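Structure first, commentary second.
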Amino acid sequence: MGLLTLARDLGRRKARERSGLFVAEGIRTVEELLDSPLVVQGALVSEAVDATPRGAALVAALAARGIATTRVSEDEFASAADTETPQGILAIAERPSATLDDLYLPDTARLLVLDGIQDPGNAGTLLRTAAALGVTATCILPGTVDPWNAKVVRSAVGIQFRHPTISCTMEGLAPFLARHGVTLWGTAADGRPVDQVSAPTRLALVMGNEGAGLSAAVRDACAGMVALPMAPGVESLNVAVAAGIALFALRPRT
């Protein structure tokens, strides 16, 4: 299969899961990919990437590493791209194969759990926020958008190239948390104010669907619920903003 055909195919979640590959699109995202430990299988470029010195330098960097690069027309590139105004470069790389059992949890571990997060932009921002706040790993439960979706990768600016991002089920996550002494807290409007609780040493914080909140099964698995105090008349926050505030408030204290 040629790189163009493969890039088009990887627009489907099933193709990404079957092949273990994903697409990173755009100059900055591909730069992050080349600076990561992930294996890059090839790249697709069009004339648009040559329009800036940064783009031309990136193409040269691909060549210097011996990474197979295929040049295509702007129309062909657009057929594989995920953006409305492509920058003329995308790379295909191997997804990390990390599982829960591969995680090393420090004494003051923090985990972020995503339950039914469906918007790619929110998912990407959640991943980048988690990494910025020192979260050990992010766990992706069923019903959440694929973290290797091109929109998620771009929104996160490739942070999942380094930040452990692990797809799992609640049935697999619950015994892992119990085994490692990690307490699971959920976020909901009826929870205790996040600034009035003392976080356990090891904590997993789960964020629910943008509209529906936590699924019943996940809520039942939580040992406690926390909420963000808000001014009168404000019902909710964007899920990524809420996660950032909650994770900061619940960060380990030294």
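Identifiers for the structure tokens are assigned positionally: chains receive A, B, ... in sequence, residues are indexed from 1 per chain, and ligands are indexed from 1 in the order shown.
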Checklist entry - Near Gly244 of chain A, within 9 Å and counting only C-alpha atoms, which residues show up once chain neighbours fewer than 3 positions away are dropped, as a PyMOL selection string? => result chain A and resi 126+129-130+133+239-241+247-249
Any chance you can output those residues with C-alpha atoms as an mmCIF file, in the first residue's frame?
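Final output, saved to out-v4.cif:
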```cif
data_model
loop_
_atom_site.group_PDB
_atom_site.id
_atom_site.type_symbol
_atom_site.label_atom_id
_atom_site.label_comp_id
_atom_site.auth_asym_id
_atom_site.auth_seq_id
_atom_site.Cartn_x
_atom_site.Cartn_y
_atom_site.Cartn_z
ATOM 1 C CA LEU A 126 -7.204 17.371 28.224
ATOM 2 C CA THR A 129 -3.279 19.786 30.326
ATOM 3 C CA ALA A 130 -2.627 16.480 32.092
ATOM 4 C CA LEU A 133 0.295 19.376 35.401
ATOM 5 C CA VAL A 239 -14.497 19.913 30.384
ATOM 6 C CA ALA A 240 -10.840 20.631 29.626
ATOM 7 C CA VAL A 241 -10.924 23.882 31.615
ATOM 8 C CA LEU A 247 -6.001 18.760 38.678
ATOM 9 C CA PHE A 248 -4.226 21.901 39.858
ATOM 10 C CA ALA A 249 -6.293 22.042 43.034
#
```
Item to check | All residues 10 Å or closer to His180 of chain A, only C-alpha atoms, same chain fewer than 4 positions away omitted, as an MDAnalysis selection string | outcome: chainID A and resid 105 107 109 175:176 202
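By only C-alpha atoms, and with residues fewer than 4 positions from segment 68-74 of chain A along its chain excluded, the set lying at most 8 Å from it is A:Leu3, A:Leu4, A:Gln41, A:Gly42, A:Ala43, A:Leu44, A:Val45, A:Ser46, A:Glu47, A:Ala48, A:Leu62, A:Ala63, A:Ala78, A:Gly88.
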Next on the checklist: Please identify the strand (DSSP E) residues within segment 29-212 of chain A (assignment by DSSP from backbone atoms) and present them as a PyMOL selection string.
Outcome noted: chain A and resi 40-45+69-71+89-94+110-115+137-140+165-167+183-193+203-208
Checklist entry - If you run DSSP on this backbone, which residues of segment 28-122 of chain A come out as helix (DSSP H, G or I), and could you give them as a PyMOL selection string? => result chain A and resi 28-34+47-51+53-64+74-80+100-102+120-122
Next on the checklist: I'd like the contact shell of Ala24 of chain A - 6 Å cut-off, only C-alpha atoms, skipping same-chain residues fewer than 6 positions apart - returned as a ChimeraX atom specification.
Outcome noted: /A:30,90-91
Export of prior selection with C-alpha atoms as a compact mmCIF listing (two decimals), in the first residue's frame:
```txt
# COMPACT_ATOMS: atom_id res chain seq x y z
CA VAL A 30 5.51 16.48 12.76
CA LEU A 90 1.90 14.65 7.35
CA ALA A 91 3.74 11.68 8.77
```
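Using only C-alpha atoms, the smallest distance between any of A:Gly11, A:Gly172, A:Gly2, A:Gly186 and Ala80 of chain A comes from A:Gly11.
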Per-residue nearest contacts segment 88-204 of chain A to segment 210-213 of chain A, cut-off 9 Å, using only C-alpha atoms, as a Markdown table:
```
| residue | atom | partner | partner_atom | distance |
| --- | --- | --- | --- | --- |
| A:Asp115 | CA | A:Gly213 | CA | 8.2 |
| A:Gly116 | CA | A:Glu210 | CA | 7.9 |
| A:Ile117 | CA | A:Glu210 | CA | 6.3 |
| A:Gln118 | CA | A:Glu210 | CA | 7.4 |
| A:Asp119 | CA | A:Glu210 | CA | 8.1 |
| A:Asn122 | CA | A:Glu210 | CA | 8.9 |
| A:Thr187 | CA | A:Gly213 | CA | 8.3 |
| A:Ala188 | CA | A:Gly213 | CA | 7.2 |
```
Checklist outcome for this item: Nearest to Ala123 of chain A, restricted to only C-alpha atoms and choosing among A:Gly158, A:Pro147, A:Pro164, A:Pro37, comes out as A:Pro147
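Using only C-alpha atoms, the smallest distance between any of A:Cys222, A:Leu214, A:Leu237, A:Ala56 and Val182 of chain A comes from A:Cys222.
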Next on the checklist: Using only C-alpha atoms, which protein or nucleic acid residues come within 8 Å of Pro252 of chain A? Drop anything in the same chain fewer than 3 positions from it, and give the result as a PyMOL selection string.
Outcome noted: chain A and resi 108+199+201
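Across the structure, atom CA of Leu112 of chain A and atom CA of Val218 of chain A are spaced 13.3 Å apart.
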Near Glu17 of chain A, within 12 Å and counting only C-alpha atoms, which residues show up once chain neighbours fewer than 3 positions away are dropped, as a PDB file with C-alpha atoms, in the first residue's frame?
```pdb
ATOM      1  CA  ASP A   9      -7.076   4.720   5.204  1.00  0.00           C
ATOM      2  CA  LEU A  10      -5.803   5.854   8.601  1.00  0.00           C
ATOM      3  CA  GLY A  11      -8.584   8.396   8.753  1.00  0.00           C
ATOM      4  CA  ARG A  12     -10.694   5.493  10.050  1.00  0.00           C
ATOM      5  CA  ARG A  13     -10.400   4.371  13.675  1.00  0.00           C
ATOM      6  CA  LYS A  14     -10.629   0.697  12.738  1.00  0.00           C
ATOM      7  CA  GLY A  20      -1.157   0.188  15.011  1.00  0.00           C
ATOM      8  CA  LEU A  21      -0.399   3.342  12.991  1.00  0.00           C
ATOM      9  CA  PHE A  22      -1.604   6.942  13.097  1.00  0.00           C
ATOM     10  CA  GLU A  94       3.627   3.624  15.016  1.00  0.00           C
ATOM     11  CA  ARG A  95       1.385   4.036  18.055  1.00  0.00           C
ATOM     12  CA  PRO A  96       2.925   3.270  21.455  1.00  0.00           C
ATOM     13  CA  SER A  97       1.799  -0.115  22.762  1.00  0.00           C
ATOM     14  CA  ASP A 146      -9.655   7.808  19.752  1.00  0.00           C
ATOM     15  CA  PRO A 147      -6.593   9.620  21.175  1.00  0.00           C
ATOM     16  CA  TRP A 148      -4.797   8.832  17.891  1.00  0.00           C
ATOM     17  CA  ASN A 149      -7.446  10.562  15.794  1.00  0.00           C
ATOM     18  CA  SER A 167      -6.967   2.827  26.276  1.00  0.00           C
TER      19      SER A 167
END
```
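Minimum distance to Thr125 of chain A across A:Asn209, A:Ser155, A:Thr169, A:Thr183 (counting only C-alpha atoms) occurs at A:Ser155.
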Item to check | Residue contacts of Ala57 of chain A (12 Å, only C-alpha atoms) excluding same-chain residues fewer than 5 positions away, as a ChimeraX atom specification | outcome: /A:27-28,30-31,49-52,62-64,89
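The nearest approach to Glu84 of chain A among the residues A:Leu141, A:Lys151, A:Ala242, A:Ala217, with only C-alpha atoms taken into account, belongs to A:Lys151.
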